[in-house]
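Raw contents of data.pdb, PDB, C-alpha atoms:
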ATOM      1  CA  MET A  17      21.550 -14.629 -12.707
ATOM      2  CA  SER A  18      21.864 -13.046 -16.151
ATOM      3  CA  VAL A  19      20.043  -9.882 -17.178
ATOM      4  CA  ARG A  20      17.980 -11.857 -19.707
ATOM      5  CA  VAL A  21      16.782 -14.319 -17.074
ATOM      6  CA  LEU A  22      15.961 -11.444 -14.709
ATOM      7  CA  LEU A  23      14.019  -9.641 -17.454
ATOM      8  CA  LEU A  24      12.087 -12.785 -18.344
ATOM      9  CA  LEU A  25      11.304 -13.387 -14.677
ATOM     10  CA  THR A  26      10.119  -9.778 -14.340
ATOM     11  CA  VAL A  27       7.858 -10.079 -17.387
ATOM     12  CA  VAL A  28       6.312 -13.332 -16.138
ATOM     13  CA  LEU A  29       5.788 -12.042 -12.596
ATOM     14  CA  TRP A  30       4.456  -8.638 -13.674
ATOM     15  CA  GLY A  31       2.284 -10.313 -16.297
ATOM     16  CA  THR A  32       0.748 -12.558 -13.645
ATOM     17  CA  THR A  33       0.221  -9.861 -11.019
ATOM     18  CA  PRO A  34      -2.735  -8.049 -12.665
ATOM     19  CA  LEU A  35      -4.744 -11.269 -12.606
ATOM     20  CA  PHE A  36      -4.461 -11.470  -8.827
ATOM     21  CA  GLU A  37      -5.180  -7.742  -8.540
ATOM     22  CA  LYS A  38      -8.288  -7.973 -10.737
ATOM     23  CA  LEU A  39      -9.556 -10.948  -8.715
ATOM     24  CA  ALA A  40      -9.000  -9.037  -5.459
ATOM     25  CA  LEU A  41     -10.676  -5.916  -6.851
ATOM     26  CA  ARG A  42     -13.844  -7.874  -7.596
ATOM     27  CA  ALA A  43     -14.634  -7.964  -3.891
ATOM     28  CA  ALA A  44     -12.655  -5.093  -2.377
ATOM     29  CA  ALA A  45     -12.155  -1.361  -2.861
ATOM     30  CA  PRO A  46      -8.971  -0.277  -4.668
ATOM     31  CA  LEU A  47      -7.646   1.585  -1.626
ATOM     32  CA  ASN A  48      -8.014  -1.499   0.568
ATOM     33  CA  VAL A  49      -6.301  -3.750  -1.974
ATOM     34  CA  LEU A  50      -3.503  -1.203  -2.341
ATOM     35  CA  TRP A  51      -3.126  -0.844   1.434
ATOM     36  CA  ILE A  52      -2.897  -4.591   2.062
ATOM     37  CA  ARG A  53      -0.581  -5.119  -0.922
ATOM     38  CA  THR A  54       1.711  -2.301   0.188
ATOM     39  CA  ALA A  55       1.794  -3.460   3.815
ATOM     40  CA  PHE A  56       2.725  -6.964   2.680
ATOM     41  CA  ILE A  57       5.443  -5.644   0.360
ATOM     42  CA  THR A  58       6.792  -3.439   3.150
ATOM     43  CA  ALA A  59       7.021  -6.384   5.535
ATOM     44  CA  CYS A  60       8.763  -8.550   2.929
ATOM     45  CA  VAL A  61      11.252  -5.880   1.890
ATOM     46  CA  ALA A  62      11.992  -4.911   5.497
ATOM     47  CA  GLY A  63      12.579  -8.568   6.317
ATOM     48  CA  ALA A  64      14.933  -8.936   3.360
ATOM     49  CA  ALA A  65      16.807  -5.753   4.349
ATOM     50  CA  VAL A  66      17.278  -7.090   7.874
ATOM     51  CA  ALA A  67      18.225 -10.579   6.677
ATOM     52  CA  THR A  68      20.851  -9.243   4.259
ATOM     53  CA  GLY A  69      22.217  -6.627   6.642
ATOM     54  CA  GLN A  70      21.258  -3.753   4.344
ATOM     55  CA  ILE A  71      18.851  -2.134   6.809
ATOM     56  CA  GLY A  72      21.639   0.068   8.197
ATOM     57  CA  GLN A  73      22.208   1.674   4.810
ATOM     58  CA  VAL A  74      18.871   3.471   5.060
ATOM     59  CA  ALA A  75      20.120   5.661   7.919
ATOM     60  CA  ARG A  76      23.115   6.715   5.790
ATOM     61  CA  MET A  77      21.034   7.643   2.740
ATOM     62  CA  GLU A  78      21.607  11.198   1.468
ATOM     63  CA  GLY A  79      18.726  13.668   1.647
ATOM     64  CA  ARG A  80      18.355  13.977  -2.127
ATOM     65  CA  THR A  81      18.368  10.213  -2.549
ATOM     66  CA  LEU A  82      15.727   9.881   0.161
ATOM     67  CA  LEU A  83      13.632  12.623  -1.476
ATOM     68  CA  PHE A  84      13.798  10.954  -4.901
ATOM     69  CA  THR A  85      12.947   7.591  -3.318
ATOM     70  CA  LEU A  86       9.909   9.111  -1.588
ATOM     71  CA  LEU A  87       8.806  10.858  -4.791
ATOM     72  CA  SER A  88       9.102   7.524  -6.608
ATOM     73  CA  GLY A  89       6.884   5.948  -3.980
ATOM     74  CA  LEU A  90       4.378   8.777  -4.279
ATOM     75  CA  THR A  91       4.148   8.852  -8.080
ATOM     76  CA  GLY A  92       4.557   5.164  -8.873
ATOM     77  CA  GLY A  93       3.190   3.665  -5.696
ATOM     78  CA  VAL A  94       0.509   5.794  -4.087
ATOM     79  CA  LEU A  95      -0.864   7.866  -6.965
ATOM     80  CA  GLY A  96       0.003   5.621  -9.909
ATOM     81  CA  LEU A  97      -1.184   2.397  -8.323
ATOM     82  CA  THR A  98      -4.347   4.031  -6.983
ATOM     83  CA  ALA A  99      -5.268   5.255 -10.469
ATOM     84  CA  TYR A 100      -4.286   1.897 -11.978
ATOM     85  CA  PHE A 101      -6.330  -0.109  -9.435
ATOM     86  CA  HIS A 102      -9.420   2.017 -10.102
ATOM     87  CA  ALA A 103      -8.954   1.532 -13.859
ATOM     88  CA  LEU A 104      -8.374  -2.195 -13.385
ATOM     89  CA  GLN A 105     -11.473  -2.523 -11.217
ATOM     90  CA  LYS A 106     -13.652  -0.759 -13.792
ATOM     91  CA  GLY A 107     -12.083  -2.090 -17.000
ATOM     92  CA  GLN A 108     -10.927  -5.318 -18.551
ATOM     93  CA  ALA A 109      -7.483  -6.450 -17.366
ATOM     94  CA  SER A 110      -6.593  -7.500 -20.909
ATOM     95  CA  LEU A 111      -7.116  -3.890 -22.023
ATOM     96  CA  VAL A 112      -6.145  -1.819 -18.976
ATOM     97  CA  VAL A 113      -2.749  -3.441 -18.457
ATOM     98  CA  PRO A 114      -1.481  -3.002 -22.033
ATOM     99  CA  LEU A 115      -2.767   0.587 -22.166
ATOM    100  CA  THR A 116      -0.708   1.473 -19.104
ATOM    101  CA  ALA A 117       2.318   0.315 -21.100
ATOM    102  CA  ALA A 118       2.377   3.709 -22.850
ATOM    103  CA  TYR A 119       4.400   5.139 -19.961
ATOM    104  CA  PRO A 120       7.750   4.834 -21.832
ATOM    105  CA  LEU A 121       6.686   7.879 -23.857
ATOM    106  CA  VAL A 122       6.517   9.946 -20.659
ATOM    107  CA  THR A 123       9.827   8.485 -19.458
ATOM    108  CA  LEU A 124      11.516   9.272 -22.776
ATOM    109  CA  LEU A 125      10.407  12.904 -22.684
ATOM    110  CA  LEU A 126      11.246  13.414 -19.008
ATOM    111  CA  SER A 127      14.639  11.708 -19.313
ATOM    112  CA  LEU A 128      15.451  14.201 -22.072
ATOM    113  CA  LEU A 129      14.194  17.243 -20.152
ATOM    114  CA  VAL A 130      15.243  16.335 -16.603
ATOM    115  CA  LEU A 131      18.195  13.959 -16.983
ATOM    116  CA  GLY A 132      19.585  15.352 -20.226
ATOM    117  CA  GLU A 133      19.758  11.887 -21.759
ATOM    118  CA  PRO A 134      20.183  11.755 -25.514
ATOM    119  CA  ILE A 135      17.253  10.717 -27.636
ATOM    120  CA  THR A 136      18.383   8.345 -30.338
ATOM    121  CA  PRO A 137      16.453   7.171 -33.380
ATOM    122  CA  ALA A 138      16.284   3.683 -31.841
ATOM    123  CA  LYS A 139      14.685   5.052 -28.660
ATOM    124  CA  VAL A 140      12.162   7.077 -30.634
ATOM    125  CA  LEU A 141      11.307   4.092 -32.834
ATOM    126  CA  GLY A 142      10.915   1.874 -29.781
ATOM    127  CA  VAL A 143       8.527   4.309 -28.108
ATOM    128  CA  VAL A 144       6.593   4.831 -31.352
ATOM    129  CA  LEU A 145       6.149   1.067 -31.686
ATOM    130  CA  ILE A 146       5.045   0.737 -28.050
ATOM    131  CA  VAL A 147       2.552   3.600 -28.291
ATOM    132  CA  GLY A 148       1.385   2.346 -31.690
ATOM    133  CA  GLY A 149       0.726  -1.072 -30.197
ATOM    134  CA  VAL A 150      -1.150   0.488 -27.313
ATOM    135  CA  MET A 151      -3.278   2.516 -29.736
ATOM    136  CA  LEU A 152      -4.135  -0.650 -31.659
ATOM    137  CA  LEU A 153      -5.471  -2.163 -28.427
ATOM    138  CA  ALA A 154      -7.485   0.943 -27.620
TER
END

Translate this structure into structure tokens?
Amino acid sequence: MSVRVLLLLTVVLWGTTPLFEKLALRAAAPLNVLWIRTAFITACVAGAAVATGQIGQVARMEGRTLLFTLLSGLTGGVLGLTAYFHALQKGQASLVVPLTAAYPLVTLLLSLLVLGEPITPAKVLGVVLIVGGVMLLA
């Protein structure tokens, strides 16, 4: 599958997901929705890892790679999704979801400071346009 098809699929799937989350959050606490969602994802991913024979690669993962993977789960999964689910429960999905799209600004700054990636005018313009669009919604 081409990168463009994968990106389009990602946009459609991620664009649909908040609707299901908002509907679930109408009748359940954010922590419960997050717990059930995460347990389901874990079962699906574990099943896929077993089915594709990739499960054995986990045992050979380097310590740093494991640490960064766990930190990703903590920041993006546990803490980020918990904050997002509370915001989604209390706010309008059509406003909350686009406002969370300001995260590329944080990524741009951290990729400069931590990864040493170059900041190009195109990257800066892209982030300015994203944040500007988010501010228009707010």

(request) For the structure provided, state which residues fall under the PyMOL selection byres ((chain A and resi 82-98) around 12), and present them as a ChimeraX atom specification. (result) /A:34,37,41,45-51,53-55,57-58,73-81,99-105,113,116,119

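Computed from the coordinates, the CA of Gln108 in chain A to CA of Arg42 in chain A distance equals 11.6 Å.
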
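For the pair CA of Leu152 in chain A and CA of Val28 in chain A, the interatomic distance is 22.6 Å.
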
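For the pair CA of Val143 in chain A and CA of Thr32 in chain A, the separation is 23.5 Å.
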
(request) Rank A:Leu22, A:Val130, A:Thr123, A:Pro114 by their smallest atom-to-atom distance to Gly148 in chain A, using all atoms listed in the file, and report the top residue only. (result) A:Pro114

(request) Pick out the residues sitting within 12 Å of Ile135 in chain A, and hand them over as number ranges by chain; count only C-alpha atoms, and ignore anything fewer than 4 positions along from it in its own chain. (result) A: 121, 123-129, 131, 139-143

Work out where the centre of an axis-aligned box around every listed atom of range 38-46 of chain A lies and how long its edges are once 8 Å is added on each side; give both in Å to one decimal as AutoDock Vina command-line options.
--center_x -11.5 --center_y -5.6 --center_z -6.6 --size_x 22.3 --size_y 26.7 --size_z 24.4

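The closest residue to Leu111 in chain A, picked from A:Met17, A:Ala138, A:Val150, A:Ile52 and counting only C-alpha atoms, is A:Val150.
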